[in-house]
Structure formats: structure tokens, C-alpha cells
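Below you'll find the structure, written out as C-alpha cells, and then a few comments.
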Amino acid sequence: MTTYPAPAPAAAGSGYRHELYPYSGKDEFVEGTARFIRDALDGGEAVVVAVPQDKASLLRAEIEDDAVRYVDTSRVAHHPGRLIAAWQEWLQEHVSEGRPVRGIGESPWDAVRGQAEVQELRYHEWLLNKAFAQGPAWWLLCPYDTAHDEDGLAQMARCHPEMRENGRTIRSETYDSQAPYRFTPLTGACDPYDEFAYTKGELSSVREKITACAEEHGLTGRRLRELHLAATEVASNSIRHGGGQGVLRTWSEDRRLVCEFRDAGYIDDPLAGRRRPQPRQAGGRGLWLVQQLCDLVEIRSTPQEGTTIRLHTALPE
């Protein structure tokens with residue numbers, strides 16, 4: 001499916017710390033995160049806070065300091081595939097100054113839009129360890145409300161090398177840096193769905209099939225054109241790297257249009273599409289573009305089963 005190089009293994013002592021902070025209720029959230037911020041300020045460190053707006057307001061009431069930057073997460077909070085690049089952007093100013101930096105990052109778990117988004121947000125937490133394995137050195141605290149289901153907390157613990165407990169940091173017993181991520185199997189396509197096998201020279205037919213399903217559900221204009229562009233990129237990759245052919249399925253689910261592409265290729269880089277391409281980089285821009293154009297992207301790829309990519313686009317209300 002692709003020729004993107006796999007990321008280098010995590011380097012010992014790379015300086016990136018990734019810590020889970022389980023909490024219960026707003027008071028405990030403020031207590032733990034405010035302590036984390038004050039410790040950073042006492043040590044001359046800068047802090048980037050990327051949490052839902054209601055949580056940010058609670059922290060602002062406690063701490064307002066020039067060294068604490070409260071970032072607007074609205075454009076990326078529900079787009080897990082864009083979050084790693086967002087963190088790189090938020091950190092850039094402090095890293096370029098050579099200043100130590102800490103971060104606080106919490107996803108909008110109370111407002112997730114379906115189980116597919118939940119799974120991708122968890123996967124993002126795991127990918128952070130690979131994305132920052134080679135630097136820069138910084139410390140990210142991830143609050144997680146224990147009011148969410150116990151399975152969710154267990155999944156999050158497997159994505160974090162460290163956990164905060166009673167104000168101190170302990171090692172996460174279930175985190176394994178060498179183990180692959182344990183995906184929850186993709187749900188089946190929702191009935192009714194359309195299926196179309198495509199090969200070289202049939203990209204226009206792929207777009208026609210998507211248009212028919214999209215217009216049936218009221219998706220037109222700019223958003224449909226963006227979906228066409230993303231779908232063309234994925235289908236082209238199937239033809240180039242996935243054995244010369246693929247299968248498209250389309251259906252609606254959770255007020256989203258879903259376009260699923262299956263082929264025999266294999267993507268060996270779990271970070272493909274999640275890192276911002278460099279200006280002179282040759283290749284590697286296709287899946288990045290797909291992440292920017294779609295509301296949610298699911299990628300599952302193994303040498304044995306090939307690649308499945310699902311593109312989710314929100315339908316008009």
C-alpha cells in the first residue's frame with residue numbers, strides 16, 4: 001500500500017515522558033493538574049495546556065501566568081489524526097528557545113462522536129510514544145476521568161509508560177514499548193451498503209459511486225469535493241501499492257458517510273499521515289492530506305490481511 005519508512009525505535013533517555021493521570025471529578029482534576037503546572041513554573045519550565053474549554057476555564061481560575069499557554073483545541077480535538085502535528089506546532093516556540101516544557105492534554109471524552117472516534121483517540125495516545133521517541137524532551141500529563149468505563153482506563157494505561165498516583169509518578173505495569181497496539185476489530189459495514197471493485201483506470205468510477213451515496217444522504221458541495229480528493233488518493237495508493245486493485249464500500253453510520261477501501265498492500269509505518277510533511281520531503285503527503293480532508297480516518301494494516309482504510313465525513317444536520 002505504501003513505501004513510507006517505519007519510525008525508528010524509541011531511544012533510551014530520549015527525554016519524552018508520557019504520564020496518565022486518572023482523576024475523579026472536577027476538584028481532583030484541578031488539584032492534580034494545578035500541582036503539575038506549579039511544579040513546572042517553580043522549575044522555570046513553560047507549560048502548554050490542551051484540554052476541553054470547560055477544563056481550561058477551571059485551570060485559568062487557579063493559574064494565570066505568562067509561562068502557561070492555553071491553546072485552542074477546537075480545530076483538532078475530534079480529529080485524532082491531526083493531534084500529533086498539533087502538539088509539534090504547540091511545542092515549537094518553546095523548543096526553539098531551548099526552554100524546558102511540560103504539556104497537559106485531555107481529549108473531549110464526554111463529547112466523542114461514536115466508538116470509532118473513541119478507538120482512534122486511544123490509538124493516538126499510543127502513537128505519541130513513537131512520535132516523540134527521538135525528541136524533543138518534554139513531559140506530557142494526560143488527565144482521564146475515572147467516571148468513564150473501566151475498560152477505557154485499562155486501555156489508556158497500556159498507552160502510557162507512567163501513571164500518576166497519590167501525587168507521585170509510578171510505572172505503568174501494562175505498558176509494553178515493544179508490543180504492537182491492540183486494536184479493537186472494526187465493526188461490520190452497516191446495511192445497506194454499496195460495494196465496488198476497482199482497478200487501474202477506474203478512479204472516476206470510484207468518485208461516481210461515492211457521489212451517488214453522498215447525494216443520497218445530502219452531502220454535496222465543498223465537503224463532497226474534499227471527500228473525492230481524499231478517496232482518489234487512497235484508491236490511487238491501492239492501485240500503486242496494493243496489488244493494482246481494491247474494493248470500495250460506502251454506507252452511512254452515526255450521521256457520517258463512511259467510505260471503506262480494502263486492498264492487499266501493507267503500511268509498515270503506524271505514523272503515516274500523522275506527521276506534517278517537510279517542505280523538501282519526497283512522497284508521504286498523501287495520507288497527510290487524507291487526514292486533513294476527512295473528519296475521521298481509520299487505518300488497519302497487517303502483512304497477512306492487507307490494508308483497510310475508512311474515511312468518515314460528517315453528514316449535514
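Following the order of the C-alpha cells, first chain is A, next is B, and so on, with residues numbered from 1 inside each chain and ligands from 1 in the order they appear.
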
Please produce, as CSV, a per-residue contact table for range 19-132 of chain A versus range 290-302 of chain A (criterion: any atom at most 9 Å away, only C-alpha atoms considered), showing the nearest atom pair and its distance in Å to one decimal, sorted by chain then residue number.
```
residue,atom,partner,partner_atom,distance
A:His78,CA,A:Asp295,CA,7.8
A:His79,CA,A:Leu296,CA,6.0
A:Pro80,CA,A:Leu296,CA,7.4
A:Gly81,CA,A:Gln291,CA,5.9
A:Arg82,CA,A:Gln291,CA,6.7
A:Ala116,CA,A:Glu298,CA,7.8
A:Glu117,CA,A:Leu296,CA,7.2
A:Glu120,CA,A:Glu298,CA,7.1
```

Those same residues, written as a short mmCIF file (atom, residue, chain, number, x, y, z; two decimals), in the first residue's frame with N, CA, C and O atoms?
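See again_5.cif below for the written result:
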```
data_model
loop_
_atom_site.label_atom_id
_atom_site.label_comp_id
_atom_site.auth_asym_id
_atom_site.auth_seq_id
_atom_site.Cartn_x
_atom_site.Cartn_y
_atom_site.Cartn_z
N HIS A 78 -11.49 16.61 17.89
CA HIS A 78 -12.23 15.45 17.40
C HIS A 78 -11.61 14.86 16.13
O HIS A 78 -12.25 14.09 15.43
N HIS A 79 -10.34 15.20 15.89
CA HIS A 79 -9.63 14.69 14.72
C HIS A 79 -8.31 14.05 15.18
O HIS A 79 -7.25 14.68 15.09
N PRO A 80 -8.35 12.82 15.69
CA PRO A 80 -7.14 12.21 16.26
C PRO A 80 -5.95 12.19 15.31
O PRO A 80 -4.80 12.32 15.75
N GLY A 81 -6.21 12.07 14.03
CA GLY A 81 -5.10 12.01 13.07
C GLY A 81 -4.34 13.31 12.92
O GLY A 81 -3.26 13.33 12.32
N ARG A 82 -4.88 14.42 13.46
CA ARG A 82 -4.21 15.71 13.36
C ARG A 82 -3.52 16.13 14.66
O ARG A 82 -2.86 17.17 14.71
N ALA A 116 -15.90 4.73 16.92
CA ALA A 116 -14.73 4.83 16.05
C ALA A 116 -13.81 5.95 16.52
O ALA A 116 -12.58 5.80 16.54
N GLU A 117 -14.39 7.08 16.95
CA GLU A 117 -13.57 8.18 17.45
C GLU A 117 -12.90 7.81 18.76
O GLU A 117 -11.73 8.15 18.99
N GLU A 120 -9.86 5.70 17.96
CA GLU A 120 -8.77 6.46 17.35
C GLU A 120 -8.10 7.41 18.34
O GLU A 120 -6.89 7.65 18.26
#
```

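Excluding Leu83 in chain A itself and any same-chain residue fewer than 2 positions from it, the protein and nucleic acid residues within 10 Å of it, counting only C-alpha atoms, are Thr73, Arg75, Val76, Ala77, His78, His79, Pro80, Gly81, Ala85, Ala86, Trp87, Gln88, Glu89, Ser107, Leu121, His124, Glu125, Leu128, Arg274 and Arg275 of chain A.
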
So that I can check the secondary structure, give me every residue of range 166-231 of chain A assigned strand (DSSP E or B) by backbone DSSP, as a list in words.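 Result set for range 166-231 of chain A (strand (DSSP E or B)): Arg168, Thr169, Ile170, Arg171, Asp194, Glu195, Phe196, Ala197, Tyr198 and Thr199 of chain A.
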
Measure the distance from CA of Thr313 in chain A to CA of Gly152 in chain A in Å and round it to one decimal.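 Computed distance, CA of Thr313 in chain A to CA of Gly152 in chain A, equals 25.0 Å.
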
So which one's closest to Glu31 in chain A, A:Glu62, A:Glu216, A:Glu93, A:Asp263? Using only C-alpha atoms, please.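 Of the candidates, the smallest distance to Glu31 in chain A is held by A:Glu62.
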
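Of note, CA of Ser177 in chain A and CA of Leu127 in chain A are spaced 10.8 Å apart.
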
Quick one: pick out all alpha helix (DSSP H) residues within range 15-170 of chain A from a backbone DSSP run and write them as a ChimeraX atom specification. /A:25-42,53-62,83-96,115-131,150-157

Given the selection you just returned, output its residues as a file containing C-alpha atoms, formatted as a CSV table (one decimal), in the first residue's frame.
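Saved the output as again.csv:
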```
chain,number,residue,atom,x,y,z
A,25,GLY,CA,-14.4,14.9,39.4
A,26,LYS,CA,-13.5,18.5,38.7
A,27,ASP,CA,-11.9,19.1,42.1
A,28,GLU,CA,-9.4,16.3,41.7
A,29,PHE,CA,-8.8,17.3,38.1
A,30,VAL,CA,-7.8,20.8,39.2
A,31,GLU,CA,-5.8,19.6,42.2
A,32,GLY,CA,-3.6,17.3,40.2
A,33,THR,CA,-3.1,19.4,37.1
A,34,ALA,CA,-2.6,22.7,39.0
A,35,ARG,CA,0.1,21.0,41.1
A,36,PHE,CA,1.8,19.8,37.9
A,37,ILE,CA,1.7,23.3,36.5
A,38,ARG,CA,3.1,24.9,39.7
A,39,ASP,CA,5.9,22.4,39.8
A,40,ALA,CA,6.8,23.3,36.2
A,41,LEU,CA,6.8,27.0,37.0
A,42,ASP,CA,8.9,26.5,40.1
A,53,GLN,CA,-12.7,24.6,27.2
A,54,ASP,CA,-14.6,23.9,30.4
A,55,LYS,CA,-11.5,22.3,32.0
A,56,ALA,CA,-9.3,25.1,30.7
A,57,SER,CA,-11.6,27.6,32.4
A,58,LEU,CA,-11.1,25.8,35.7
A,59,LEU,CA,-7.3,26.0,35.4
A,60,ARG,CA,-7.3,29.6,34.3
A,61,ALA,CA,-9.2,30.5,37.5
A,62,GLU,CA,-6.3,28.9,39.5
A,83,LEU,CA,-3.2,15.8,17.0
A,84,ILE,CA,0.4,14.8,16.8
A,85,ALA,CA,1.2,17.6,14.3
A,86,ALA,CA,-0.8,20.0,16.6
A,87,TRP,CA,1.4,19.1,19.6
A,88,GLN,CA,4.5,19.6,17.4
A,89,GLU,CA,3.2,23.1,16.5
A,90,TRP,CA,2.3,24.0,20.1
A,91,LEU,CA,5.7,23.0,21.4
A,92,GLN,CA,7.8,24.5,18.6
A,93,GLU,CA,8.1,28.0,20.1
A,94,HIS,CA,9.4,26.8,23.5
A,95,VAL,CA,11.7,24.1,22.0
A,96,SER,CA,13.3,26.6,19.6
A,115,GLN,CA,-17.0,4.4,19.1
A,116,ALA,CA,-14.7,4.8,16.0
A,117,GLU,CA,-13.6,8.2,17.4
A,118,VAL,CA,-13.0,6.6,20.9
A,119,GLN,CA,-10.8,4.0,19.4
A,120,GLU,CA,-8.8,6.5,17.3
A,121,LEU,CA,-8.3,8.8,20.3
A,122,ARG,CA,-6.8,5.9,22.3
A,123,TYR,CA,-4.6,4.9,19.4
A,124,HIS,CA,-3.4,8.5,19.3
A,125,GLU,CA,-2.2,8.2,22.9
A,126,TRP,CA,-0.2,5.1,22.0
A,127,LEU,CA,1.3,6.8,18.9
A,128,LEU,CA,2.6,9.7,20.9
A,129,ASN,CA,5.2,7.5,22.3
A,130,LYS,CA,6.6,6.7,18.8
A,131,ALA,CA,6.1,10.2,17.5
A,150,GLU,CA,-13.1,0.8,33.4
A,151,ASP,CA,-12.1,-0.8,30.1
A,152,GLY,CA,-11.3,2.7,28.8
A,153,LEU,CA,-8.9,3.3,31.8
A,154,ALA,CA,-7.2,0.0,31.2
A,155,GLN,CA,-6.7,0.8,27.6
A,156,MET,CA,-5.3,4.2,28.4
A,157,ALA,CA,-2.9,2.6,30.9
```

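Note that the spacing between CA of Thr169 in chain A and CA of Cys142 in chain A amounts to 12.5 Å.
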
Residue neighbourhood Gly243 in chain A, 8 Å, only C-alpha atoms, exclusion window fewer than 3 positions, as a CSV table (one decimal) with N, CA, C and O atoms, in the first residue's frame:
```csv
chain,number,residue,atom,x,y,z
A,238,SER,N,-4.0,2.2,-3.5
A,238,SER,CA,-4.4,0.7,-3.7
A,238,SER,C,-3.8,0.2,-5.0
A,238,SER,O,-3.3,-0.9,-5.1
A,239,ILE,N,-4.0,1.0,-6.1
A,239,ILE,CA,-3.6,0.6,-7.4
A,239,ILE,C,-2.0,0.6,-7.5
A,239,ILE,O,-1.5,-0.4,-8.1
A,240,ARG,N,-1.4,1.6,-6.9
A,240,ARG,CA,0.1,1.6,-7.0
A,240,ARG,C,0.8,0.6,-6.1
A,240,ARG,O,1.8,0.0,-6.4
A,246,GLY,N,-8.5,-2.7,-5.7
A,246,GLY,CA,-9.1,-2.6,-4.3
A,246,GLY,C,-10.6,-2.7,-4.4
A,246,GLY,O,-11.2,-2.9,-5.4
A,263,ASP,N,-7.4,-3.4,0.3
A,263,ASP,CA,-6.5,-3.9,-0.7
A,263,ASP,C,-5.5,-4.8,-0.1
A,263,ASP,O,-5.6,-5.0,1.1
A,264,ALA,N,-4.6,-5.3,-0.9
A,264,ALA,CA,-3.7,-6.3,-0.4
A,264,ALA,C,-2.4,-5.8,0.1
A,264,ALA,O,-1.4,-6.5,0.4
A,265,GLY,N,-2.2,-4.4,0.1
A,265,GLY,CA,-1.0,-3.8,0.5
A,265,GLY,C,-0.8,-3.8,2.0
A,265,GLY,O,-1.6,-4.2,2.7
```

From the options A:Ala111, A:Val51, A:Ile170, A:Leu203, which residue's atoms come nearest to Arg17 in chain A, counting only C-alpha atoms?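 Closest to Arg17 in chain A of all the choices is A:Ile170.
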
For Ala230 in chain A, which residue among A:Arg171, A:His312, A:Arg280, A:Arg256 is the nearest when counting only C-alpha atoms? A:His312

A:Leu311, A:Pro192, A:Arg249, A:Cys159 ranked by distance to Leu227 in chain A, top pick (using only C-alpha atoms):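 Using only C-alpha atoms, Leu227 in chain A sits closest to A:Leu311.
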